[in-house]
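Colleague: Before I ask anything, let me first share the structure, which is written out below as structure tokens.
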Number of protein chains: 4
Amino acid sequence: MTFQTSRRSLLAQSAAILGFAFLPQARAAASWSSEAFERARPIERAVIAHPFLKALADGTISRDKILWYLAQNAGYLRNYAASLSRACAKLENPEDRALLAQWIKDTAGTETWTLDLLQKFSGGRDTTPFMRLRPTTLFYASWEAKASEEGTASEAWAALLPCFTMYEVAGRFIAGHIRKENPYREWLSAYGDPAYSKTVESAVALADRLARKETPEGRARMTENYLTSCRLEWALWDAAERLEDWPV
Amino acid sequence: MTFQTSRRSLLAQSAAILGFAFLPQARAAASWSSEAFERARPIERAVIAHPFLKALADGTISRDKILWYLAQNAGYLRNYAASLSRACAKLENPEDRALLAQWIKDTAGTETWTLDLLQKFSGGRDTTPFMRLRPTTLFYASWEAKASEEGTASEAWAALLPCFTMYEVAGRFIAGHIRKENPYREWLSAYGDPAYSKTVESAVALADRLARKETPEGRARMTENYLTSCRLEWALWDAAERLEDWPV
Amino acid sequence: MTFQTSRRSLLAQSAAILGFAFLPQARAAASWSSEAFERARPIERAVIAHPFLKALADGTISRDKILWYLAQNAGYLRNYAASLSRACAKLENPEDRALLAQWIKDTAGTETWTLDLLQKFSGGRDTTPFMRLRPTTLFYASWEAKASEEGTASEAWAALLPCFTMYEVAGRFIAGHIRKENPYREWLSAYGDPAYSKTVESAVALADRLARKETPEGRARMTENYLTSCRLEWALWDAAERLEDWPV
Amino acid sequence: MTFQTSRRSLLAQSAAILGFAFLPQARAAASWSSEAFERARPIERAVIAHPFLKALADGTISRDKILWYLAQNAGYLRNYAASLSRACAKLENPEDRALLAQWIKDTAGTETWTLDLLQKFSGGRDTTPFMRLRPTTLFYASWEAKASEEGTASEAWAALLPCFTMYEVAGRFIAGHIRKENPYREWLSAYGDPAYSKTVESAVALADRLARKETPEGRARMTENYLTSCRLEWALWDAAERLEDWPV
């Protein structure tokens, strides 16, 4: 299925093939991405050390956390598709634009798939209370809206990239640590489609193409945007662990 | 090829199958599109009566007009893809968004295809002078940028729809009047893919879905936007005929 | 000075004149604002109960918290002026647009004033570390960017309004509880310009004008946007109290 | 009155004081504006040679042309204020933003003033038919919407600048050629406020400040945008002369 090659379907096999520290090593030293990924390393480590990921992989996670995570993910993806569309409007090159259009389409498909999973795992419970965007989800969605609206094509794309790269990091961890008796095994094994690693490579290559036309200041702004979104990827896992809700 | 099912690849066969006054009759009387198409009828008639279309179909058109038309079309399509992306950002429903994403991708492919045709027909001439956006092309592209930026999803989509519907009207005319000895026959026969009529139907159905949620004032604004773009479809054919350039 | 009539210059005198529960009572029962303010009441209570406000009024607040607060406020205001500008682009009526333009100008002046205060209270310390946008400041700024970009004029304005109304609530509390020996008394007494209450009334009246043209669904979206921004007004005080920084 | 210092109130006195070729000479040779103005010179000459301006200055113009011109100007200004707002959102510096906010406010005031003049000169006729945006007005408004939406702050501002500079060129011509018995003398003598030349200087200085931070490619895009809007300033006078309407 198409959506299995998109963001929320990650890499079991490729984790074994490529080894763990895949992302930076696959880039030339001088590329924008190699530098940005180096700076993102501590956030990457914090993501794979997060108890939510561990509990997800071994299947000890609570039903409420699963429902929170799927519902918030669906809401995030709807906003992510809008931000991808704004970034797509800023591209000049038809080939680049066709890439983004495919990812908008994949994201729309993944939103539908995520909502289906939410129903499937709800056990008949009303999932409405889980759907309202929680603070961190709204934060991440709003930040991507701001970055895709205000930034250049390069700055917008750098802010949207961690949804690909940091999710792959998480997905490889899950695929590498999933337990046989995990009740969500069927769903989580979707995190093993090697096609997704090709998609991530394309997304990173687009960032590097855009970076090559940037001034040093523009590249620095790209890196800041990339790191901010990486932090929010971590924050979303952390919010799921806390079943975060609005304090007032 | 995918791009043959998109905007600039129109309907020879379906013209014969569906008969001429296809668009309005295919809609229920009460739909937004049936009313809008009725109001657009005089513009539709002006399009198919335009000497540029006749000369294109019988092959008596000058090489300069072909190059003007292809180059301006390519520039228009680049801007159209950006406006489609802005409209895509405004949609709520993932299925609708997936549709628009596919059309963004098709439009990017059609831009590339159009540029290839421009090279093919240039006979080695430098095509750069044809590439600068002429007044009517910039007008149409700017209007669609404005409508997709300022309007609601419905208003944006109504402004972007004539690129589908009015082009089909022109394409059916060309397919129905093409002469055997037309030197551009190979290119123009692409205007006969029945798949394109399905695409146009989807595009119209999306407008009607969006219109159903609108207030009467919103529907009226949709119609005004639709008619303005229809007028600019006509104006673009007329500008091609005049090999339009900037007066100052 | 012009900036004394703007957001960050609040109401000492008017607090005494108008009494505490000013905002909702000043509106007719059926107006959008009267309903929205009623729903915001619990958040309003949480704001004036926040220890940061108490410590600010009695002068026992730490220097670091003052610097955090001023620096983040300046960064917030820069983004707020951009969001006001986007909302201004969506208005139809020239009188309404002139109002927003004045508030954009006031906000720019208040940013400069806030940066001057930051220098004044820094005691020669380098204030650069305080300037980087912290999570809650970026959240609030991003949310307002998203709401002003994606929403109608009404929805955008509802999201931008709590910067007026909730700040006045806080300002009246401060003006009513300020201690004589407060070392920031000169600055905080700016929170007493009665002209600001007129500004807030204009801002609320604009929201009610826009709401009158909305469908019930549109009014409900306005209220949701208003409440979200109220929550983020509270969250910004709370972040200042915690000297919030990025966890990863 | 405030609106007398804005766009549509021009320079009688300053024409005598500053001499005719004011704009380029007032700039240093190396500034962006001095180069852009040099390239705009042929368009400037076409504007002041246009029969509409001559007929306006000597008072022989038809009533219909006056009503067309005022109504279209009002519609243009409403859209111009929206484009100014979008450009304002892109500025970084609070002082620059305050400048643009003042001009948004002035533009809103000038729209109201223009609509008042339209009523005054209508002689009781229904002015509604004149209000629908004609092709060139919609073209210019749409182009400025596109440029202010898609461009950087610099590119946006370059596209919005000719409304200041080219209008001053026209205004100085009118002020220098107005006949005593011109029935519109009272209105047209507003084209003589020296304060407007200060405003134009500020607007040009902002363009030069923004240009100094641009790459050569960015400066070239600014110049292209500036020239396109200059051409549309000419086209608007020309459309008024032809009482332009939609051909289909």
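In the structure tokens, each chain is lettered A, B, ... as it comes, each chain's residues begin at 1, and ligands are numbered from 1 in order of appearance.
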What residues in chain D lie within 9 Å of chain B, counting only C-alpha atoms, written as a PyMOL selection string?
Modeller: chain D and resi 42-43+46+135-136+138-147+149-150+231+234-235+246-248
Colleague: How would the residues just picked look written out with N, CA and C atoms as an mmCIF file, in the first residue's frame?
Modeller:
```
data_model
loop_
_atom_site.group_PDB
_atom_site.id
_atom_site.type_symbol
_atom_site.label_atom_id
_atom_site.label_comp_id
_atom_site.auth_asym_id
_atom_site.auth_seq_id
_atom_site.Cartn_x
_atom_site.Cartn_y
_atom_site.Cartn_z
ATOM 1 N N PRO D 42 12.219 55.170 -19.513
ATOM 2 C CA PRO D 42 11.316 55.166 -20.680
ATOM 3 C C PRO D 42 9.839 55.019 -20.285
ATOM 4 N N ILE D 43 9.580 54.250 -19.254
ATOM 5 C CA ILE D 43 8.180 54.078 -18.816
ATOM 6 C C ILE D 43 7.684 55.394 -18.211
ATOM 7 N N ALA D 46 6.745 57.627 -20.915
ATOM 8 C CA ALA D 46 5.459 57.230 -21.509
ATOM 9 C C ALA D 46 4.286 57.671 -20.638
ATOM 10 N N PRO D 135 -10.132 44.897 -16.357
ATOM 11 C CA PRO D 135 -8.974 43.993 -16.514
ATOM 12 C C PRO D 135 -7.657 44.558 -15.992
ATOM 13 N N THR D 136 -7.299 45.770 -16.380
ATOM 14 C CA THR D 136 -5.979 46.267 -15.987
ATOM 15 C C THR D 136 -5.892 46.510 -14.487
ATOM 16 N N LEU D 138 -7.549 44.824 -12.185
ATOM 17 C CA LEU D 138 -7.423 43.500 -11.567
ATOM 18 C C LEU D 138 -6.030 42.919 -11.814
ATOM 19 N N PHE D 139 -5.476 43.194 -12.983
ATOM 20 C CA PHE D 139 -4.127 42.722 -13.297
ATOM 21 C C PHE D 139 -3.129 43.320 -12.300
ATOM 22 N N TYR D 140 -3.164 44.643 -12.158
ATOM 23 C CA TYR D 140 -2.206 45.315 -11.280
ATOM 24 C C TYR D 140 -2.390 44.840 -9.827
ATOM 25 N N ALA D 141 -3.642 44.790 -9.378
ATOM 26 C CA ALA D 141 -3.918 44.346 -7.999
ATOM 27 C C ALA D 141 -3.459 42.901 -7.796
ATOM 28 N N SER D 142 -3.690 42.054 -8.801
ATOM 29 C CA SER D 142 -3.319 40.639 -8.682
ATOM 30 C C SER D 142 -1.805 40.472 -8.699
ATOM 31 N N TRP D 143 -1.156 41.233 -9.563
ATOM 32 C CA TRP D 143 0.306 41.172 -9.616
ATOM 33 C C TRP D 143 0.910 41.580 -8.273
ATOM 34 N N GLU D 144 0.397 42.625 -7.666
ATOM 35 C CA GLU D 144 0.934 43.042 -6.375
ATOM 36 C C GLU D 144 0.598 42.015 -5.286
ATOM 37 N N ALA D 145 -0.551 41.359 -5.406
ATOM 38 C CA ALA D 145 -0.878 40.277 -4.462
ATOM 39 C C ALA D 145 0.128 39.139 -4.604
ATOM 40 N N LYS D 146 0.402 38.763 -5.844
ATOM 41 C CA LYS D 146 1.354 37.673 -6.109
ATOM 42 C C LYS D 146 2.761 38.027 -5.605
ATOM 43 N N ALA D 147 3.209 39.228 -5.948
ATOM 44 C CA ALA D 147 4.573 39.630 -5.581
ATOM 45 C C ALA D 147 4.720 39.742 -4.066
ATOM 46 N N GLU D 149 2.962 38.123 -1.863
ATOM 47 C CA GLU D 149 2.778 36.801 -1.267
ATOM 48 C C GLU D 149 4.015 35.924 -1.487
ATOM 49 N N GLU D 150 4.506 35.907 -2.708
ATOM 50 C CA GLU D 150 5.555 34.941 -3.059
ATOM 51 C C GLU D 150 6.969 35.467 -2.810
ATOM 52 N N ARG D 231 5.252 49.432 -15.358
ATOM 53 C CA ARG D 231 4.493 49.204 -16.593
ATOM 54 C C ARG D 231 2.988 49.183 -16.308
ATOM 55 N N TRP D 234 1.553 52.684 -15.880
ATOM 56 C CA TRP D 234 1.243 53.240 -17.208
ATOM 57 C C TRP D 234 -0.047 52.624 -17.744
ATOM 58 N N ALA D 235 -0.138 51.288 -17.614
ATOM 59 C CA ALA D 235 -1.289 50.582 -18.190
ATOM 60 C C ALA D 235 -2.600 51.031 -17.560
ATOM 61 N N TRP D 246 -14.297 44.503 -19.814
ATOM 62 C CA TRP D 246 -13.989 43.117 -20.163
ATOM 63 C C TRP D 246 -14.482 42.799 -21.566
ATOM 64 N N PRO D 247 -13.630 42.240 -22.417
ATOM 65 C CA PRO D 247 -14.053 41.958 -23.802
ATOM 66 C C PRO D 247 -15.012 40.768 -23.901
ATOM 67 N N VAL D 248 -14.912 39.846 -22.987
ATOM 68 C CA VAL D 248 -15.872 38.716 -22.968
ATOM 69 C C VAL D 248 -16.440 38.596 -21.563
#
```
Colleague: List as a PyMOL selection string the protein and nucleic acid residues near Asn93 in chain C, meaning an atom at most 9 Å away when only C-alpha atoms are counted, but skip any in the same chain fewer than 4 places from it.
Modeller: (chain C and resi 97-98) or (chain D and resi 78+108)
Colleague: Produce a file of the selected residues containing N, CA, C and O atoms, as a PDB file, in the first residue's frame.
Modeller:
```
ATOM      1  N   ARG C  97      -9.228  48.241   8.694  1.00  0.00           N
ATOM      2  CA  ARG C  97      -7.823  48.082   8.323  1.00  0.00           C
ATOM      3  C   ARG C  97      -6.951  49.180   8.944  1.00  0.00           C
ATOM      4  O   ARG C  97      -5.828  48.918   9.363  1.00  0.00           O
ATOM      5  N   ALA C  98      -7.500  50.384   9.001  1.00  0.00           N
ATOM      6  CA  ALA C  98      -6.746  51.488   9.620  1.00  0.00           C
ATOM      7  C   ALA C  98      -6.509  51.210  11.106  1.00  0.00           C
ATOM      8  O   ALA C  98      -5.436  51.523  11.642  1.00  0.00           O
TER       9      ALA C  98
ATOM     10  N   ARG D  78      -7.865  49.376  -2.209  1.00  0.00           N
ATOM     11  CA  ARG D  78      -8.259  48.350  -1.242  1.00  0.00           C
ATOM     12  C   ARG D  78      -7.318  47.150  -1.348  1.00  0.00           C
ATOM     13  O   ARG D  78      -6.857  46.615  -0.339  1.00  0.00           O
ATOM     14  N   ALA D 108      -5.750  53.212   3.483  1.00  0.00           N
ATOM     15  CA  ALA D 108      -7.156  53.033   3.868  1.00  0.00           C
ATOM     16  C   ALA D 108      -7.875  54.383   3.850  1.00  0.00           C
ATOM     17  O   ALA D 108      -9.005  54.499   3.344  1.00  0.00           O
TER      18      ALA D 108
END
```
Colleague: Might you pull out every residue within 9 Å of Leu133 in chain C, with only C-alpha atoms counted and same-chain residues fewer than 3 positions away left off, and present them as an MDAnalysis selection string?
Modeller: chainID C and resid 71:72 75:76 130 136:138 245
Colleague: How would the residues just chosen look if you wrote them out with C-alpha atoms as a short mmCIF file (atom, residue, chain, number, x, y, z; two decimals), in the first residue's frame?
Modeller:
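Listing of result14.cif after writing:
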```cif
data_model
loop_
_atom_site.label_atom_id
_atom_site.label_comp_id
_atom_site.auth_asym_id
_atom_site.auth_seq_id
_atom_site.Cartn_x
_atom_site.Cartn_y
_atom_site.Cartn_z
CA ALA C 71 13.39 39.36 26.27
CA GLN C 72 10.73 36.79 25.45
CA GLY C 75 10.51 38.29 20.60
CA TYR C 76 6.83 37.58 20.95
CA PHE C 130 17.65 35.47 27.13
CA THR C 136 6.18 28.51 25.08
CA THR C 137 7.05 31.81 23.37
CA LEU C 138 7.66 29.99 20.10
CA ASP C 245 14.26 26.46 28.42
#
```
Colleague: Compile the contact shell of range 54-57 of chain D as a ChimeraX atom specification: residues with an atom at most 9 Å away, counting only C-alpha atoms, same-chain residues fewer than 5 positions apart removed.
Modeller: /D:48-49,62,66,173-179,182,184-185,188
Colleague: Could you take the residues named above and write them with all heavy atoms, as a short mmCIF file (atom, residue, chain, number, x, y, z; two decimals), in the first residue's frame?
Modeller:
```cif
data_model
loop_
_atom_site.label_atom_id
_atom_site.label_comp_id
_atom_site.auth_asym_id
_atom_site.auth_seq_id
_atom_site.Cartn_x
_atom_site.Cartn_y
_atom_site.Cartn_z
N ILE D 48 4.13 60.39 -18.58
CA ILE D 48 3.85 61.83 -18.64
C ILE D 48 3.46 62.28 -20.04
O ILE D 48 2.94 63.37 -20.23
CB ILE D 48 5.01 62.69 -18.09
CG1 ILE D 48 6.29 62.43 -18.84
CG2 ILE D 48 5.19 62.44 -16.59
CD1 ILE D 48 7.46 63.29 -18.37
N ALA D 49 3.68 61.42 -21.03
CA ALA D 49 3.24 61.74 -22.39
C ALA D 49 1.83 61.23 -22.66
O ALA D 49 1.30 61.41 -23.76
CB ALA D 49 4.21 61.11 -23.41
N SER D 62 -13.44 63.75 -20.00
CA SER D 62 -14.89 63.50 -19.88
C SER D 62 -15.25 63.06 -18.47
O SER D 62 -14.42 62.49 -17.74
CB SER D 62 -15.30 62.40 -20.87
OG SER D 62 -14.88 61.14 -20.39
N ILE D 66 -13.42 60.41 -15.59
CA ILE D 66 -13.16 60.75 -14.18
C ILE D 66 -13.76 59.68 -13.26
O ILE D 66 -13.11 59.19 -12.33
CB ILE D 66 -13.75 62.14 -13.84
CG1 ILE D 66 -12.96 63.25 -14.52
CG2 ILE D 66 -13.82 62.36 -12.33
CD1 ILE D 66 -11.60 63.52 -13.91
N PHE D 173 3.56 66.14 -12.91
CA PHE D 173 3.15 66.60 -14.24
C PHE D 173 1.81 67.35 -14.15
O PHE D 173 1.65 68.44 -14.69
CB PHE D 173 3.02 65.41 -15.21
CG PHE D 173 2.51 65.83 -16.55
CD1 PHE D 173 3.38 66.31 -17.52
CD2 PHE D 173 1.14 65.80 -16.85
CE1 PHE D 173 2.90 66.72 -18.76
CE2 PHE D 173 0.66 66.22 -18.07
CZ PHE D 173 1.54 66.68 -19.04
N ILE D 174 0.85 66.74 -13.45
CA ILE D 174 -0.47 67.37 -13.33
C ILE D 174 -0.36 68.73 -12.64
O ILE D 174 -0.88 69.73 -13.13
CB ILE D 174 -1.43 66.44 -12.54
CG1 ILE D 174 -1.72 65.18 -13.37
CG2 ILE D 174 -2.73 67.16 -12.18
CD1 ILE D 174 -2.40 64.07 -12.59
N ALA D 175 0.36 68.75 -11.51
CA ALA D 175 0.51 70.01 -10.77
C ALA D 175 1.17 71.09 -11.62
O ALA D 175 0.85 72.27 -11.50
CB ALA D 175 1.31 69.76 -9.49
N GLY D 176 2.06 70.67 -12.49
CA GLY D 176 2.78 71.64 -13.32
C GLY D 176 1.99 72.09 -14.54
O GLY D 176 2.36 73.08 -15.19
N HIS D 177 0.93 71.39 -14.89
CA HIS D 177 0.19 71.71 -16.12
C HIS D 177 -1.27 72.01 -15.88
O HIS D 177 -2.04 72.15 -16.83
CB HIS D 177 0.30 70.54 -17.11
CG HIS D 177 1.68 70.35 -17.66
ND1 HIS D 177 2.69 69.76 -16.92
CD2 HIS D 177 2.25 70.70 -18.85
CE1 HIS D 177 3.81 69.73 -17.64
NE2 HIS D 177 3.57 70.30 -18.81
N ILE D 178 -1.68 72.13 -14.61
CA ILE D 178 -3.11 72.31 -14.34
C ILE D 178 -3.57 73.71 -14.80
O ILE D 178 -2.88 74.70 -14.59
CB ILE D 178 -3.41 72.08 -12.83
CG1 ILE D 178 -4.91 71.91 -12.61
CG2 ILE D 178 -2.82 73.17 -11.96
CD1 ILE D 178 -5.23 71.32 -11.25
N ARG D 179 -4.73 73.73 -15.47
CA ARG D 179 -5.26 75.02 -15.94
C ARG D 179 -6.17 75.63 -14.87
O ARG D 179 -6.84 74.91 -14.14
CB ARG D 179 -6.09 74.80 -17.22
CG ARG D 179 -5.22 74.63 -18.46
CD ARG D 179 -6.03 74.96 -19.71
NE ARG D 179 -7.36 74.35 -19.65
CZ ARG D 179 -8.39 74.74 -20.39
NH1 ARG D 179 -8.26 75.75 -21.24
NH2 ARG D 179 -9.56 74.14 -20.29
N ASN D 182 -9.82 74.53 -14.76
CA ASN D 182 -10.07 73.08 -14.61
C ASN D 182 -11.17 72.87 -13.57
O ASN D 182 -11.02 73.28 -12.41
CB ASN D 182 -8.77 72.39 -14.17
CG ASN D 182 -8.91 70.88 -14.21
OD1 ASN D 182 -9.94 70.32 -13.84
ND2 ASN D 182 -7.86 70.22 -14.66
N TYR D 184 -11.95 70.37 -11.94
CA TYR D 184 -11.52 69.48 -10.86
C TYR D 184 -10.35 70.09 -10.08
O TYR D 184 -9.65 69.39 -9.36
CB TYR D 184 -11.13 68.11 -11.43
CG TYR D 184 -12.23 67.50 -12.26
CD1 TYR D 184 -12.15 67.47 -13.64
CD2 TYR D 184 -13.38 67.01 -11.65
CE1 TYR D 184 -13.17 66.94 -14.41
CE2 TYR D 184 -14.42 66.48 -12.41
CZ TYR D 184 -14.30 66.45 -13.78
OH TYR D 184 -15.33 65.94 -14.53
N ARG D 185 -10.15 71.40 -10.27
CA ARG D 185 -8.97 72.05 -9.71
C ARG D 185 -8.83 71.81 -8.20
O ARG D 185 -7.73 71.53 -7.72
CB ARG D 185 -9.04 73.56 -9.99
CG ARG D 185 -7.74 74.26 -9.67
CD ARG D 185 -7.76 75.75 -10.00
NE ARG D 185 -6.50 76.34 -9.61
CZ ARG D 185 -5.40 76.29 -10.35
NH1 ARG D 185 -5.43 75.71 -11.53
NH2 ARG D 185 -4.26 76.81 -9.90
N LEU D 188 -7.57 68.31 -7.71
CA LEU D 188 -6.23 68.08 -8.27
C LEU D 188 -5.16 68.90 -7.55
O LEU D 188 -3.98 68.52 -7.56
CB LEU D 188 -6.22 68.38 -9.77
CG LEU D 188 -7.09 67.43 -10.62
CD1 LEU D 188 -7.20 67.95 -12.06
CD2 LEU D 188 -6.53 66.01 -10.60
#
```
